[in-house]
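Asks: Take this structure, written in structure tokens, and hold onto it; I'll ask about it next.
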Amino acid sequence: MLKATLLSFCIILASAAYSQSVKLVPNSTLAKIAGRIHGEEEDYAITIGRTIYLSCSKEDFLSDTPWVKHEFTHVQQYKKYGILEFTKRYLFFSIFRSYSKNPFEKEAIAAEGPKPAYKKPWVSMSSY
């Protein structure tokens, strides 16, 4: 599983580097403010064109493969639509639809891959 994750991560970075240069801006004030506005105090990112503004370090961001896939999807969306058209459409969907119904976010969330199944450990009170 780890090898597959690392391989997919390398493919994402290699394809992004091949097609365009993506800039990561760690500890960005812009990302931190936007994160606070959206109730995310720790990890938040804003992608504008080929630049990803991070509220955390590059290392923290790059260690989270689903998050990397999500933000790189936004980079590809900007490439497809252009900065002005993407921004116009994204703002329209953000105003008139919820986050989960915004087609740009739906595509980015789908790119993250399957969510790991986490089961809360069951503890019997009779064992105490």
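In the structure tokens, each chain is lettered A, B, ... as it comes, each chain's residues begin at 1, and ligands are numbered from 1 in order of appearance.
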Applying 9 Å and only C-alpha atoms, which residues near segment 48-58 of chain A remain after dropping the ones on its own chain fewer than 3 positions away? List them as a VMD selection string.

Replies: chain A and resid 20 to 33 35 41 to 45 61 to 63 71 to 72 74 to 79 82 to 83 87

Asks: So that I can check the surroundings of Ser94 of chain A, please list as a list in words every protein, DNA and RNA residue that reaches within 10 Å of it, counting only C-alpha atoms and ignoring chain neighbours fewer than 5 positions away.

Replies: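 So, after excluding close chain neighbours, the residues are Lys88, Arg89, Tyr99, Ser100, Lys101, Asn102, Pro103, Phe104 and Glu105 of chain A.
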
Asks: Identify, with DSSP run on backbone atoms, the residues in segment 31-83 of chain A assigned to strand (DSSP E or B), and express the list as a PyMOL selection string.

Replies: chain A and resi 45-48+51-54

Asks: Give me, please, the distance in Å between atom CA of Trp67 of chain A and atom CA of Glu40 of chain A, quoted to one decimal.

Replies: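 About the pair atom CA of Trp67 of chain A and atom CA of Glu40 of chain A: they are 14.0 Å apart.
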
Asks: Quick one: distance from atom CA of Ala34 of chain A to atom CA of Pro114 of chain A in Å, one decimal?

Replies: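 A separation of 26.3 Å between them.
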
Asks: Report the distance between atom CA of Asp60 of chain A and atom CA of Phe93 of chain A in Å, rounded to one decimal place.

Replies: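 These two atoms are separated by 29.2 Å.
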
Asks: Between A:Glu59, A:Thr47, A:Leu91, A:His70, which has the minimum distance to Gly113 of chain A (counting only C-alpha atoms)?

Replies: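 The answer is A:His70, which sits nearest to Gly113 of chain A.
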